[in-house]
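S.K.: File name upload_29.cif; file contents mmCIF, C-alpha atoms; full text below.
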```
data_entry
loop_
_atom_site.label_atom_id
_atom_site.label_comp_id
_atom_site.auth_asym_id
_atom_site.auth_seq_id
_atom_site.Cartn_x
_atom_site.Cartn_y
_atom_site.Cartn_z
CA MET A 1 0.00 0.00 0.00
CA GLU A 2 1.20 3.50 -0.87
CA ASN A 3 2.36 5.79 1.92
CA LEU A 4 -0.53 8.25 2.10
CA ASN A 5 -0.72 10.96 4.74
CA LEU A 6 -4.43 11.04 5.67
CA SER A 7 -4.23 10.94 9.44
CA TYR A 8 -5.80 14.41 9.77
CA LEU A 9 -9.10 13.32 8.16
CA SER A 10 -12.25 12.03 9.77
CA ALA A 11 -12.85 8.31 9.33
CA GLU A 12 -15.67 8.83 6.83
CA ILE A 13 -13.72 11.18 4.58
CA LYS A 14 -10.54 9.16 4.90
CA LYS A 15 -12.20 5.97 3.69
CA ASN A 16 -13.43 7.52 0.44
CA VAL A 17 -10.34 9.61 -0.24
CA GLU A 18 -7.90 6.81 0.48
CA SER A 19 -9.64 4.50 -1.97
CA PHE A 20 -9.65 7.21 -4.66
CA PHE A 21 -5.96 8.03 -4.22
CA LEU A 22 -4.92 4.39 -4.17
CA ASP A 23 -6.81 3.75 -7.39
CA ILE A 24 -4.90 6.61 -9.01
CA LEU A 25 -1.50 5.54 -7.70
CA SER A 26 -2.01 1.90 -8.58
CA HIS A 27 -2.50 2.80 -12.25
CA HIS A 28 -0.56 6.05 -12.81
CA LYS A 29 2.01 6.38 -10.02
CA GLU A 30 4.87 6.99 -12.47
CA ASN A 31 3.20 10.23 -13.61
CA ILE A 32 2.19 11.56 -10.18
CA VAL A 33 4.25 14.32 -8.52
CA SER A 34 1.84 15.32 -5.73
CA ILE A 35 -1.66 14.70 -4.45
CA TYR A 36 -3.37 17.27 -2.21
CA LEU A 37 -6.64 17.72 -0.45
CA THR A 38 -7.84 21.32 -0.62
CA GLY A 39 -10.82 23.32 0.53
CA SER A 40 -13.28 22.67 3.32
CA ALA A 41 -12.50 18.94 3.72
CA ILE A 42 -9.52 19.86 5.87
CA THR A 43 -11.34 22.51 7.92
CA LYS A 44 -14.12 22.64 10.50
CA ASP A 45 -16.43 24.05 7.80
CA PHE A 46 -16.79 20.65 6.14
CA ASP A 47 -20.38 19.40 6.03
CA VAL A 48 -20.63 15.67 5.33
CA LYS A 49 -24.05 16.05 3.72
CA HIS A 50 -23.41 19.06 1.51
CA SER A 51 -19.68 19.76 1.05
CA ASP A 52 -17.64 18.40 -1.84
CA ILE A 53 -14.18 16.95 -1.29
CA ASN A 54 -11.70 18.86 -3.45
CA THR A 55 -8.35 17.55 -4.59
CA LEU A 56 -5.35 18.72 -6.60
CA ILE A 57 -3.17 16.30 -8.53
CA VAL A 58 0.19 17.51 -9.83
CA VAL A 59 1.43 15.35 -12.71
CA LYS A 60 4.69 15.19 -14.64
CA GLU A 61 2.87 15.58 -17.93
CA ILE A 62 -0.68 15.84 -19.19
CA LYS A 63 -1.85 12.58 -20.72
CA VAL A 64 -5.23 11.78 -22.24
CA THR A 65 -5.00 8.28 -20.75
CA PHE A 66 -4.85 9.78 -17.25
CA PHE A 67 -7.91 11.95 -17.85
CA ASP A 68 -9.75 8.95 -19.29
CA PHE A 69 -8.89 7.00 -16.16
CA ILE A 70 -10.07 9.77 -13.81
CA ALA A 71 -13.27 10.09 -15.83
CA SER A 72 -13.90 6.37 -15.44
CA LEU A 73 -13.87 6.83 -11.65
CA GLY A 74 -16.35 9.70 -11.76
CA LYS A 75 -19.54 7.76 -11.22
CA GLN A 76 -18.12 5.73 -8.34
CA TYR A 77 -16.55 8.59 -6.41
CA GLY A 78 -18.98 11.34 -7.40
CA LYS A 79 -21.56 9.62 -5.22
CA LYS A 80 -19.09 9.92 -2.34
CA LYS A 81 -18.88 13.72 -2.75
CA LEU A 82 -15.44 13.72 -4.40
CA HIS A 83 -15.37 16.61 -6.83
CA ALA A 84 -13.51 16.22 -10.13
CA PRO A 85 -9.86 16.91 -9.23
CA LEU A 86 -7.79 19.78 -10.50
CA VAL A 87 -4.95 18.32 -12.58
CA MET A 88 -1.88 20.45 -13.31
CA THR A 89 1.79 20.14 -14.10
CA LYS A 90 4.44 21.86 -11.99
CA ASN A 91 5.34 23.98 -15.00
CA TYR A 92 1.72 25.09 -15.43
CA ILE A 93 1.59 26.19 -11.79
CA GLU A 94 4.80 28.19 -12.13
CA ARG A 95 3.53 29.90 -15.30
CA SER A 96 0.07 30.68 -13.92
CA LEU A 97 0.74 32.32 -10.56
CA ALA A 98 0.39 35.84 -11.94
CA GLU A 99 -2.86 35.06 -13.77
CA PHE A 100 -4.62 33.18 -10.95
CA PRO A 101 -3.04 34.46 -7.73
CA LEU A 102 -6.22 34.20 -5.61
CA GLU A 103 -6.76 30.58 -6.58
CA PHE A 104 -3.18 29.63 -5.83
CA LEU A 105 -3.13 31.64 -2.60
CA ASP A 106 -6.21 29.70 -1.52
CA MET A 107 -4.55 26.39 -2.37
CA LYS A 108 -1.28 27.37 -0.72
CA ASN A 109 -2.99 28.38 2.54
CA ASN A 110 -5.61 25.66 2.60
CA ASN A 111 -4.14 22.33 1.60
CA GLN A 112 -2.95 19.07 3.02
CA LEU A 113 -0.30 17.08 1.16
CA ALA A 114 -1.44 13.47 0.92
CA TYR A 115 1.31 12.13 -1.33
CA GLY A 116 4.54 13.17 -3.01
CA GLU A 117 6.44 16.45 -3.31
CA ASP A 118 5.05 19.58 -1.65
CA ILE A 119 4.95 21.85 -4.70
CA LEU A 120 2.61 24.43 -3.16
CA LYS A 121 4.82 25.10 -0.16
CA ASN A 122 7.38 27.11 -2.09
CA ILE A 123 5.25 28.99 -4.62
CA THR A 124 5.47 32.79 -4.37
CA ILE A 125 2.34 34.94 -4.64
CA GLU A 126 2.92 38.59 -5.55
CA LYS A 127 0.87 41.34 -3.91
CA LYS A 128 0.55 43.28 -7.17
CA ASP A 129 -1.11 40.28 -8.79
CA ILE A 130 -3.43 39.74 -5.82
CA ARG A 131 -4.44 43.42 -5.81
CA LEU A 132 -5.29 43.35 -9.49
CA GLN A 133 -7.39 40.19 -9.27
CA CYS A 134 -9.18 41.38 -6.11
CA GLU A 135 -10.12 44.60 -7.90
CA ARG A 136 -11.35 42.72 -10.96
CA GLU A 137 -13.29 40.12 -8.95
CA LEU A 138 -15.01 42.60 -6.65
CA LYS A 139 -16.16 44.86 -9.47
CA SER A 140 -17.26 41.87 -11.52
CA ARG A 141 -19.31 40.51 -8.61
CA LEU A 142 -21.03 43.86 -8.17
CA GLN A 143 -22.30 43.57 -11.72
CA GLN A 144 -23.18 39.90 -11.33
CA ILE A 145 -25.38 40.42 -8.29
CA CYS A 146 -27.06 43.43 -9.92
CA GLN A 147 -27.84 41.47 -13.07
CA GLY A 148 -28.96 38.48 -11.01
CA PHE A 149 -31.25 40.68 -8.93
CA ILE A 150 -32.85 42.09 -12.08
CA ARG A 151 -33.29 38.65 -13.66
CA ALA A 152 -34.91 37.36 -10.48
CA MET A 153 -37.76 39.88 -10.95
CA GLY A 154 -38.59 39.68 -7.26
CA ASN A 155 -38.88 35.89 -7.24
CA LYS A 156 -37.91 34.71 -3.76
CA THR A 157 -36.58 31.32 -4.87
CA VAL A 158 -34.42 32.77 -7.64
CA LEU A 159 -33.01 35.43 -5.31
CA ARG A 160 -32.26 32.87 -2.62
CA ASP A 161 -30.49 30.62 -5.12
CA LEU A 162 -28.50 33.60 -6.40
CA PHE A 163 -27.19 34.27 -2.90
CA LYS A 164 -26.56 30.59 -2.15
CA GLY A 165 -24.48 30.24 -5.28
CA ALA A 166 -22.50 33.42 -4.70
CA ILE A 167 -21.26 33.17 -1.12
CA SER A 168 -18.41 30.67 -1.50
CA GLY A 169 -16.72 32.79 -4.16
CA TYR A 170 -16.22 35.72 -1.80
CA PHE A 171 -13.88 33.95 0.58
CA PRO A 172 -10.84 33.66 -1.72
CA ILE A 173 -11.21 37.42 -2.32
CA PHE A 174 -11.36 38.10 1.42
CA CYS A 175 -8.25 35.99 1.93
CA GLY A 176 -6.52 37.92 -0.83
CA ILE A 177 -7.36 41.21 0.88
CA LEU A 178 -6.04 39.92 4.20
CA PHE A 179 -2.86 38.88 2.38
CA LEU A 180 -2.49 42.40 0.95
CA TYR A 181 -2.74 43.93 4.41
CA GLY A 182 -0.32 41.43 5.90
CA GLN A 183 -2.94 39.80 8.10
CA LYS A 184 -3.09 36.18 9.17
CA ILE A 185 -5.50 34.19 6.98
CA PRO A 186 -7.79 31.94 9.04
CA LYS A 187 -9.07 28.56 7.82
CA GLU A 188 -12.75 28.72 8.75
CA LYS A 189 -15.29 30.98 7.07
CA ASN A 190 -16.61 32.72 10.20
CA ALA A 191 -13.07 33.50 11.30
CA ILE A 192 -12.28 34.90 7.83
CA LEU A 193 -15.34 37.16 8.07
CA SER A 194 -14.28 38.42 11.48
CA ALA A 195 -10.77 39.09 10.18
CA ILE A 196 -11.97 41.02 7.11
CA ARG A 197 -14.33 43.06 9.31
CA ASP A 198 -11.49 44.04 11.63
CA CYS A 199 -9.06 44.65 8.78
CA CYS A 200 -11.29 46.72 6.49
CA ASN A 201 -13.95 48.07 8.85
CA ILE A 202 -16.88 46.63 6.90
CA LYS A 203 -20.14 45.08 8.04
CA ILE A 204 -20.20 41.32 7.66
CA ASP A 205 -23.91 40.80 8.37
CA PRO A 206 -24.89 40.25 4.72
CA PHE A 207 -22.22 37.58 4.31
CA THR A 208 -23.21 35.75 7.50
CA LYS A 209 -26.80 35.83 6.26
CA LEU A 210 -25.73 34.31 2.93
CA LEU A 211 -23.92 31.53 4.80
CA ALA A 212 -27.05 30.89 6.84
CA ILE A 213 -29.19 30.79 3.68
CA LYS A 214 -26.82 28.28 2.09
CA ALA A 215 -26.87 26.12 5.23
CA LYS A 216 -30.70 26.34 5.26
CA ASP A 217 -30.60 27.96 8.68
CA LEU A 218 -32.28 31.10 7.33
CA ASN A 219 -35.26 31.40 5.01
CA PRO A 220 -35.78 35.14 4.45
CA SER A 221 -38.83 36.65 2.83
CA ALA A 222 -38.65 38.36 -0.55
CA GLU A 223 -38.48 41.74 1.17
CA GLU A 224 -35.70 40.56 3.47
CA LEU A 225 -33.79 39.24 0.46
CA LYS A 226 -34.01 42.69 -1.10
CA GLU A 227 -32.55 44.19 2.07
CA ILE A 228 -29.74 41.63 2.01
CA PHE A 229 -29.02 42.56 -1.62
CA GLU A 230 -28.72 46.23 -0.72
CA GLU A 231 -26.46 45.48 2.25
CA LEU A 232 -24.34 43.13 0.16
CA TYR A 233 -23.88 45.68 -2.61
CA CYS A 234 -22.81 48.38 -0.16
CA GLU A 235 -20.17 46.22 1.53
CA ILE A 236 -18.72 44.81 -1.71
CA ASP A 237 -18.57 48.34 -3.14
CA ALA A 238 -16.80 49.52 0.02
CA LEU A 239 -14.22 46.74 -0.33
CA ALA A 240 -13.72 47.56 -4.00
CA GLY A 241 -13.05 51.18 -3.03
CA LYS A 242 -10.41 50.12 -0.51
CA ILE A 243 -8.66 47.96 -3.10
CA ASP A 244 -8.73 50.83 -5.61
CA GLU A 245 -6.84 52.92 -3.06
CA PHE A 246 -4.43 50.17 -1.98
CA LYS A 247 -0.87 50.81 -3.10
CA VAL A 248 1.61 47.96 -3.49
CA GLU A 249 5.02 49.06 -2.35
CA ASN A 250 7.89 48.30 -4.71
CA VAL A 251 10.41 46.01 -3.09
#
```
With the file now loaded, output its structure as structure tokens.
M.R.:
Amino acid sequence: MENLNLSYLSAEIKKNVESFFLDILSHHKENIVSIYLTGSAITKDFDVKHSDINTLIVVKEIKVTFFDFIASLGKQYGKKKLHAPLVMTKNYIERSLAEFPLEFLDMKNNNQLAYGEDILKNITIEKKDIRLQCERELKSRLQQICQGFIRAMGNKTVLRDLFKGAISGYFPIFCGILFLYGQKIPKEKNAILSAIRDCCNIKIDPFTKLLAIKAKDLNPSAEELKEIFEELYCEIDALAGKIDEFKVENV
């Protein structure tokens, strides 16, 4: 049996993940550089019923046979909440840090190496790249929620689904902002919200409400959803303004 480091996982997650990784290594070990778990599976935010298990596989080279093999496992492991893995080469990671700094910052700060070489440990994320993507993402999300609100035409279900689908995407941006200001980046979502509140002096109520809606702990009326939209717009716009003003010092 391959030497997998999965001791940090709960028994239920470990069983499914271990089987998946061993299947991969038994057929394609010669092409595998690293295997990681990423995302909520390694945090207290993981929900067995609703959360997907996310993985990153670093390979020596991209091969169609490997993708065919992973695809063949999809039906079996999809039922066990394993999301389709990200598959990258080390060279791709090195060439893509400037284009996708938030995504790689998230992976660097929120991963657990299960097998192989720790590629993510030594990657360097530049503040200038983070600032640019944070600006782009925040302004883009302002337009997305406005368009979504209009398309919903006051329909409670559509509005609720809009907010449920949007909330997860804010956290990599928040982590990027904390990185810009030199703040510690927490692992759990509530701690991230508290940190961004303290760092940027914004109200986090609309984001906590979105988390509660997604978890089905809150079922707001149509009027309440409109209030949440207004609050959400104001706080995202405030964050966008702060990033506009943020200056990256030349080193």
S.K.: Neighbours of A:Ala98 within 10 Å (only C-alpha atoms; same-chain residues fewer than 4 positions away dropped), as a list of chain:residue names?
M.R.: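 My list of contacting residues is A:Ile93, A:Glu94, A:Leu102, A:Phe104, A:Thr124, A:Ile125, A:Glu126, A:Lys127, A:Lys128, A:Asp129, A:Ile130, A:Leu132, A:Gln133.
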S.K.: Given the choices A:Thr43, A:Arg136, A:Asn219, A:Thr208, which gets closest to A:Gly241 if the distance is worked out from only C-alpha atoms?
M.R.: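 The answer is A:Arg136, which sits nearest to A:Gly241.
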S.K.: Selection in question (the file shown): the PyMOL selection byres ((chain A and resi 188-205) around 8). Which residues does it include, as a ChimeraX atom specification?
M.R.: /A:43-45,171,174-175,177-178,181,183,185-187,206-209,235,238-239,242
S.K.: I need the residue set behind the PyMOL selection byres ((chain A and resi 53) around 8) for this file; please write it as number ranges by chain.
M.R.: A: 37-41, 51-52, 54-55, 81-83
S.K.: Could you expand the PyMOL selection byres ((chain A and resi 156-167) around 8) into the explicit residues it covers here, written as a VMD selection string?
M.R.: chain A and resid 145 148 to 149 152 154 to 155 168 to 171 207 210 to 211 213 to 214 221 to 222 225
S.K.: Calculated over all atoms listed in the file, which of the candidates A:Tyr8, A:Tyr92, A:Phe100, A:Tyr115 has the smallest distance to A:Arg131?
M.R.: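 Using all atoms listed in the file, the shortest distance to A:Arg131 belongs to A:Phe100.
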S.K.: What does the distance between atom CA of A:Gly176 and atom CA of A:Glu103 come to in Å, to one decimal place?
M.R.: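 Separation of atom CA of A:Gly176 and atom CA of A:Glu103: 9.3 Å.
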S.K.: I need every residue sitting at most 7 Å from the point (-15.1, 6.9, -2.7) (coordinates as in the file, all atoms listed in the file considered), written as a list in words.
M.R.: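 Those within range, by chain then number, are Asn16, Val17, Ser19, Phe20, Gln76, Tyr77 and Lys80 of chain A.
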S.K.: Output C-alpha atoms of each residue in that selection to a file, as a PDB file, in the frame of the given file.
M.R.:
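So out25.pdb came out as:
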```
ATOM      1  CA  ASN A  16     -13.430   7.520   0.440  1.00  0.00           C
ATOM      2  CA  VAL A  17     -10.340   9.610  -0.240  1.00  0.00           C
ATOM      3  CA  SER A  19      -9.640   4.500  -1.970  1.00  0.00           C
ATOM      4  CA  PHE A  20      -9.650   7.210  -4.660  1.00  0.00           C
ATOM      5  CA  GLN A  76     -18.120   5.730  -8.340  1.00  0.00           C
ATOM      6  CA  TYR A  77     -16.550   8.590  -6.410  1.00  0.00           C
ATOM      7  CA  LYS A  80     -19.090   9.920  -2.340  1.00  0.00           C
TER       8      LYS A  80
END
```
S.K.: Could you tell me how far atom CA of A:Leu25 sits from atom CA of A:Phe66, in Å to one decimal place?
M.R.: 11.0 Å
S.K.: Reconstruct stretch 138-149 of chain A at the level of all heavy atoms, and format the result as a compact mmCIF listing (two decimals), keeping the file's coordinate frame.
M.R.:
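Wrote rebuild06.txt, looks like this:
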```
# COMPACT_ATOMS: atom_id res chain seq x y z
N LEU A 138 -14.01 41.85 -7.40
CA LEU A 138 -15.01 42.60 -6.65
C LEU A 138 -15.93 43.39 -7.57
O LEU A 138 -17.16 43.38 -7.42
CB LEU A 138 -14.33 43.54 -5.65
CG LEU A 138 -13.70 42.87 -4.43
CD1 LEU A 138 -12.81 43.85 -3.68
CD2 LEU A 138 -14.77 42.31 -3.49
N LYS A 139 -15.34 44.07 -8.55
CA LYS A 139 -16.16 44.86 -9.47
C LYS A 139 -17.02 43.97 -10.36
O LYS A 139 -18.17 44.31 -10.69
CB LYS A 139 -15.26 45.77 -10.30
CG LYS A 139 -14.62 46.86 -9.45
CD LYS A 139 -13.69 47.75 -10.25
CE LYS A 139 -13.09 48.83 -9.35
NZ LYS A 139 -12.13 49.71 -10.08
N SER A 140 -16.49 42.82 -10.72
CA SER A 140 -17.26 41.87 -11.52
C SER A 140 -18.44 41.34 -10.72
O SER A 140 -19.57 41.21 -11.24
CB SER A 140 -16.36 40.71 -11.96
OG SER A 140 -17.11 39.71 -12.62
N ARG A 141 -18.23 41.06 -9.44
CA ARG A 141 -19.31 40.51 -8.61
C ARG A 141 -20.38 41.56 -8.33
O ARG A 141 -21.55 41.20 -8.17
CB ARG A 141 -18.73 39.94 -7.32
CG ARG A 141 -18.02 38.63 -7.58
CD ARG A 141 -17.33 38.04 -6.38
NE ARG A 141 -16.56 36.89 -6.80
CZ ARG A 141 -17.07 35.67 -7.01
NH1 ARG A 141 -18.36 35.46 -6.80
NH2 ARG A 141 -16.31 34.68 -7.42
N LEU A 142 -20.01 42.82 -8.29
CA LEU A 142 -21.03 43.86 -8.17
C LEU A 142 -21.99 43.80 -9.34
O LEU A 142 -23.22 43.87 -9.18
CB LEU A 142 -20.37 45.24 -8.11
CG LEU A 142 -19.75 45.66 -6.78
CD1 LEU A 142 -19.01 46.98 -6.94
CD2 LEU A 142 -20.80 45.76 -5.69
N GLN A 143 -21.44 43.65 -10.54
CA GLN A 143 -22.30 43.57 -11.72
C GLN A 143 -23.10 42.28 -11.75
O GLN A 143 -24.28 42.25 -12.15
CB GLN A 143 -21.45 43.70 -12.99
CG GLN A 143 -20.83 45.07 -13.18
CD GLN A 143 -21.88 46.17 -13.15
OE1 GLN A 143 -22.90 46.10 -13.84
NE2 GLN A 143 -21.65 47.19 -12.33
N GLN A 144 -22.49 41.19 -11.32
CA GLN A 144 -23.18 39.90 -11.33
C GLN A 144 -24.39 39.89 -10.41
O GLN A 144 -25.46 39.40 -10.78
CB GLN A 144 -22.21 38.78 -10.93
CG GLN A 144 -21.16 38.46 -11.98
CD GLN A 144 -20.10 37.51 -11.48
OE1 GLN A 144 -20.22 36.93 -10.39
NE2 GLN A 144 -19.04 37.35 -12.24
N ILE A 145 -24.24 40.45 -9.20
CA ILE A 145 -25.38 40.42 -8.29
C ILE A 145 -26.47 41.39 -8.75
O ILE A 145 -27.66 41.14 -8.55
CB ILE A 145 -24.98 40.68 -6.82
CG1 ILE A 145 -24.40 42.09 -6.63
CG2 ILE A 145 -24.03 39.61 -6.31
CD1 ILE A 145 -24.23 42.48 -5.17
N CYS A 146 -26.06 42.49 -9.39
CA CYS A 146 -27.06 43.43 -9.92
C CYS A 146 -27.86 42.77 -11.04
O CYS A 146 -29.09 42.85 -11.08
CB CYS A 146 -26.38 44.70 -10.42
SG CYS A 146 -25.78 45.77 -9.11
N GLN A 147 -27.15 42.13 -11.96
CA GLN A 147 -27.84 41.47 -13.07
C GLN A 147 -28.71 40.32 -12.56
O GLN A 147 -29.83 40.11 -13.04
CB GLN A 147 -26.82 40.95 -14.08
CG GLN A 147 -26.14 42.05 -14.87
CD GLN A 147 -25.12 41.51 -15.85
OE1 GLN A 147 -24.37 40.58 -15.55
NE2 GLN A 147 -25.10 42.09 -17.04
N GLY A 148 -28.19 39.59 -11.58
CA GLY A 148 -28.96 38.48 -11.01
C GLY A 148 -30.21 38.97 -10.32
O GLY A 148 -31.28 38.35 -10.43
N PHE A 149 -30.09 40.10 -9.62
CA PHE A 149 -31.25 40.68 -8.93
C PHE A 149 -32.32 41.08 -9.94
O PHE A 149 -33.52 40.83 -9.74
CB PHE A 149 -30.81 41.89 -8.11
CG PHE A 149 -31.91 42.50 -7.29
CD1 PHE A 149 -32.21 42.01 -6.04
CD2 PHE A 149 -32.65 43.56 -7.79
CE1 PHE A 149 -33.24 42.56 -5.27
CE2 PHE A 149 -33.68 44.12 -7.04
CZ PHE A 149 -33.97 43.63 -5.78
```
